[in-house]
Amino acid sequence: MDLCFDLEAQTHAPAYDGSINHGRIQRNLMRLLDATCAKSFYEVLPRGVQLWVPTKCLGFYPDVLVVAGAPFLHQGRNDRVTNPCLIFEILSQQTPAYNPMEATLTDRSRMFTYCRTIPYLQEYIFIHQQEARIEQFYRAQENVWGMTLQAGFDAVIELNVTNACLPLMDIYDRVEFVMQV
């Protein structure tokens, strides 16, 4: 029996600004991940597939997520998965506690806090839109998370889960940065 009696009321979408830069970053990620995960154990899923967090009875819509093997569906729904191993969140001005002038997020998104309870999740990656900067969190031990920060077009994100290397210059292809005053 599922104790989440009102599932639709417990569904949240992270900040999505609908900007061209946001769309370009998401498109570039999908291209890179599709190329590196093609014909492998991993499947890349776009925004629109809901990530269900059973321990919190909440659903979220990450920008991009990756599952290892077959997606585990919540209550057989083909639009709700429970087993991501990798999540990407593209930050925007609407992201709670996001300040593009800070070196890192001072207060991680609520989604990240909840998703850390998912035993399958191994990496959570925040992608900044205001500059070429990515924060990569990885599960070091059961309840311990480490973090690396990559910045600049020459940097590369090395995904622990898929062993893929994603150059920031490719993630940020055609993204136009606007100077903040």
# chains A, B, ... in the order shown; residues from 1 in each chain; ligands from 1
>>> residues_around(residues="Leu29 of chain A", least_positions_apart="4", cutoff="12 Å", atoms="only C-alpha atoms", output="PyMOL selection string")
chain A and resi 22-25+33-37+44-47+63-66+87-90+125+127+157+164-173
>>> select_by_dssp(residues="segment 21-53 of chain A", states="helix (DSSP H, G or I)", output="PyMOL selection string")
chain A and resi 21-37
>>> closest_residue(among="A:Tyr61, A:Arg80, A:Gln130, A:Gln75", to="Phe112 of chain A", atoms="only C-alpha atoms")
A:Tyr61
>>> residues_around(residues="Glu142 of chain A", least_positions_apart="6", cutoff="12 Å", atoms="only C-alpha atoms", output="list in words")
Arg116, Thr117, Ile118, Pro119, Tyr120, Leu121 and Gln122 of chain A
>>> write_last_selection(atoms="N, CA and C atoms", output="PDB file, in the first residue's frame")
ATOM      1  N   ARG A 116      19.341  12.620  -2.235  1.00  0.00           N
ATOM      2  CA  ARG A 116      20.440  11.880  -1.592  1.00  0.00           C
ATOM      3  C   ARG A 116      19.947  10.656  -0.845  1.00  0.00           C
ATOM      4  N   THR A 117      18.633  10.572  -0.589  1.00  0.00           N
ATOM      5  CA  THR A 117      18.076   9.394   0.083  1.00  0.00           C
ATOM      6  C   THR A 117      17.872   8.229  -0.880  1.00  0.00           C
ATOM      7  N   ILE A 118      18.007   8.463  -2.172  1.00  0.00           N
ATOM      8  CA  ILE A 118      17.825   7.403  -3.174  1.00  0.00           C
ATOM      9  C   ILE A 118      19.098   6.561  -3.225  1.00  0.00           C
ATOM     10  N   PRO A 119      19.014   5.276  -2.895  1.00  0.00           N
ATOM     11  CA  PRO A 119      20.226   4.453  -2.830  1.00  0.00           C
ATOM     12  C   PRO A 119      20.937   4.274  -4.172  1.00  0.00           C
ATOM     13  N   TYR A 120      20.230   4.405  -5.278  1.00  0.00           N
ATOM     14  CA  TYR A 120      20.830   4.226  -6.605  1.00  0.00           C
ATOM     15  C   TYR A 120      21.647   5.438  -7.049  1.00  0.00           C
ATOM     16  N   LEU A 121      21.320   6.608  -6.482  1.00  0.00           N
ATOM     17  CA  LEU A 121      21.952   7.849  -6.929  1.00  0.00           C
ATOM     18  C   LEU A 121      23.424   7.893  -6.528  1.00  0.00           C
ATOM     19  N   GLN A 122      24.288   8.112  -7.516  1.00  0.00           N
ATOM     20  CA  GLN A 122      25.729   8.172  -7.282  1.00  0.00           C
ATOM     21  C   GLN A 122      26.320   9.552  -7.552  1.00  0.00           C
TER      22      GLN A 122
END
>>> atom_distance(atom1="atom CA of Arg27 of chain A", atom2="atom CA of Pro62 of chain A")
13.6 Å
>>> residues_around(residues="Leu149 of chain A", least_positions_apart="2", cutoff="10 Å", atoms="only C-alpha atoms", output="ChimeraX atom specification")
/A:103-104,125-126,133-137,147,151,155,157
>>> write_last_selection(atoms="N, CA and C atoms", output="PDB file, in the first residue's frame")
ATOM      1  N   ALA A 103      30.784  31.438  -5.194  1.00  0.00           N
ATOM      2  CA  ALA A 103      31.625  30.386  -5.772  1.00  0.00           C
ATOM      3  C   ALA A 103      30.863  29.070  -5.897  1.00  0.00           C
ATOM      4  N   THR A 104      30.046  28.750  -4.900  1.00  0.00           N
ATOM      5  CA  THR A 104      29.215  27.545  -4.930  1.00  0.00           C
ATOM      6  C   THR A 104      27.865  27.898  -4.324  1.00  0.00           C
ATOM      7  N   ILE A 125      24.774  16.721 -10.352  1.00  0.00           N
ATOM      8  CA  ILE A 125      25.595  17.762 -10.965  1.00  0.00           C
ATOM      9  C   ILE A 125      24.789  19.032 -11.179  1.00  0.00           C
ATOM     10  N   PHE A 126      25.327  20.144 -10.653  1.00  0.00           N
ATOM     11  CA  PHE A 126      24.734  21.466 -10.832  1.00  0.00           C
ATOM     12  C   PHE A 126      25.490  22.185 -11.940  1.00  0.00           C
ATOM     13  N   ARG A 133      30.773  26.885 -15.357  1.00  0.00           N
ATOM     14  CA  ARG A 133      31.111  26.381 -14.017  1.00  0.00           C
ATOM     15  C   ARG A 133      30.140  25.270 -13.651  1.00  0.00           C
ATOM     16  N   ILE A 134      30.706  24.146 -13.201  1.00  0.00           N
ATOM     17  CA  ILE A 134      29.891  22.979 -12.855  1.00  0.00           C
ATOM     18  C   ILE A 134      30.343  22.425 -11.509  1.00  0.00           C
ATOM     19  N   GLU A 135      29.361  22.163 -10.639  1.00  0.00           N
ATOM     20  CA  GLU A 135      29.610  21.539  -9.337  1.00  0.00           C
ATOM     21  C   GLU A 135      29.141  20.093  -9.422  1.00  0.00           C
ATOM     22  N   GLN A 136      30.046  19.181  -9.141  1.00  0.00           N
ATOM     23  CA  GLN A 136      29.756  17.746  -9.247  1.00  0.00           C
ATOM     24  C   GLN A 136      29.821  17.124  -7.859  1.00  0.00           C
ATOM     25  N   PHE A 137      28.701  16.599  -7.405  1.00  0.00           N
ATOM     26  CA  PHE A 137      28.649  15.892  -6.129  1.00  0.00           C
ATOM     27  C   PHE A 137      28.604  14.395  -6.421  1.00  0.00           C
ATOM     28  N   MET A 147      32.674  16.561  -3.382  1.00  0.00           N
ATOM     29  CA  MET A 147      32.338  17.563  -4.381  1.00  0.00           C
ATOM     30  C   MET A 147      33.575  17.999  -5.137  1.00  0.00           C
ATOM     31  N   ALA A 151      35.645  24.716 -13.735  1.00  0.00           N
ATOM     32  CA  ALA A 151      35.278  26.006 -14.313  1.00  0.00           C
ATOM     33  C   ALA A 151      36.164  26.302 -15.512  1.00  0.00           C
ATOM     34  N   ALA A 155      38.030  22.989 -18.947  1.00  0.00           N
ATOM     35  CA  ALA A 155      37.775  21.974 -17.926  1.00  0.00           C
ATOM     36  C   ALA A 155      36.942  20.825 -18.498  1.00  0.00           C
ATOM     37  N   ILE A 157      34.399  17.479 -17.089  1.00  0.00           N
ATOM     38  CA  ILE A 157      33.716  16.742 -16.020  1.00  0.00           C
ATOM     39  C   ILE A 157      33.886  15.257 -16.305  1.00  0.00           C
TER      40      ILE A 157
END
>>> atom_distance(atom1="atom CA of Leu159 of chain A", atom2="atom CA of Val81 of chain A")
20.9 Å
>>> closest_residue(among="A:Tyr42, A:Phe177, A:Tyr124, A:Tyr114", to="Val67 of chain A", atoms="only C-alpha atoms")
A:Tyr42
>>> select_by_dssp(residues="segment 8-151 of chain A", states="strand (DSSP E)", output="number ranges by chain")
A: 11-12, 42-46, 50-53, 58-60, 64-68, 80-81, 84-90, 123-127, 133-141, 144-151
>>> write_last_selection(atoms="C-alpha atoms", output="compact mmCIF listing (two decimals), in the first residue's frame")
# COMPACT_ATOMS: atom_id res chain seq x y z
CA THR A 11 4.86 16.97 -7.39
CA HIS A 12 7.36 19.76 -7.82
CA TYR A 42 22.82 3.40 -19.13
CA GLU A 43 19.78 5.25 -20.41
CA VAL A 44 19.53 9.03 -20.61
CA LEU A 45 16.12 10.56 -19.90
CA PRO A 46 15.12 14.21 -20.51
CA GLN A 50 9.46 12.51 -13.28
CA LEU A 51 11.88 11.37 -10.62
CA TRP A 52 9.88 9.92 -7.75
CA VAL A 53 11.46 9.98 -4.28
CA LEU A 58 7.55 13.64 -3.78
CA GLY A 59 8.16 13.85 -7.49
CA PHE A 60 10.59 16.16 -9.29
CA VAL A 64 18.42 15.37 -17.32
CA LEU A 65 18.72 12.05 -15.51
CA VAL A 66 20.48 8.77 -16.20
CA VAL A 67 19.39 5.33 -15.03
CA ALA A 68 21.48 2.17 -14.91
CA ARG A 80 7.81 8.17 -13.02
CA VAL A 81 11.18 6.55 -12.27
CA PRO A 84 18.45 7.46 -11.17
CA CYS A 85 22.19 7.00 -10.83
CA LEU A 86 23.00 10.49 -12.16
CA ILE A 87 21.04 13.77 -12.09
CA PHE A 88 21.80 17.09 -13.80
CA GLU A 89 20.23 20.33 -12.58
CA ILE A 90 20.75 23.48 -14.66
CA GLU A 123 26.19 11.66 -8.76
CA TYR A 124 24.34 14.97 -8.75
CA ILE A 125 25.59 17.76 -10.96
CA PHE A 126 24.73 21.47 -10.83
CA ILE A 127 25.38 23.40 -14.05
CA ARG A 133 31.11 26.38 -14.02
CA ILE A 134 29.89 22.98 -12.86
CA GLU A 135 29.61 21.54 -9.34
CA GLN A 136 29.76 17.75 -9.25
CA PHE A 137 28.65 15.89 -6.13
CA TYR A 138 29.39 12.19 -5.85
CA ARG A 139 28.61 9.51 -3.29
CA ALA A 140 31.92 8.70 -1.58
CA GLN A 141 30.32 6.36 0.98
CA VAL A 144 29.10 10.81 2.63
CA TRP A 145 29.16 13.03 -0.46
CA GLY A 146 32.23 14.60 -2.03
CA MET A 147 32.34 17.56 -4.38
CA THR A 148 34.47 18.79 -7.26
CA LEU A 149 34.23 22.14 -9.01
CA GLN A 150 35.18 22.60 -12.65
CA ALA A 151 35.28 26.01 -14.31
>>> atom_distance(atom1="atom CA of Leu73 of chain A", atom2="atom CA of Lys56 of chain A")
16.0 Å
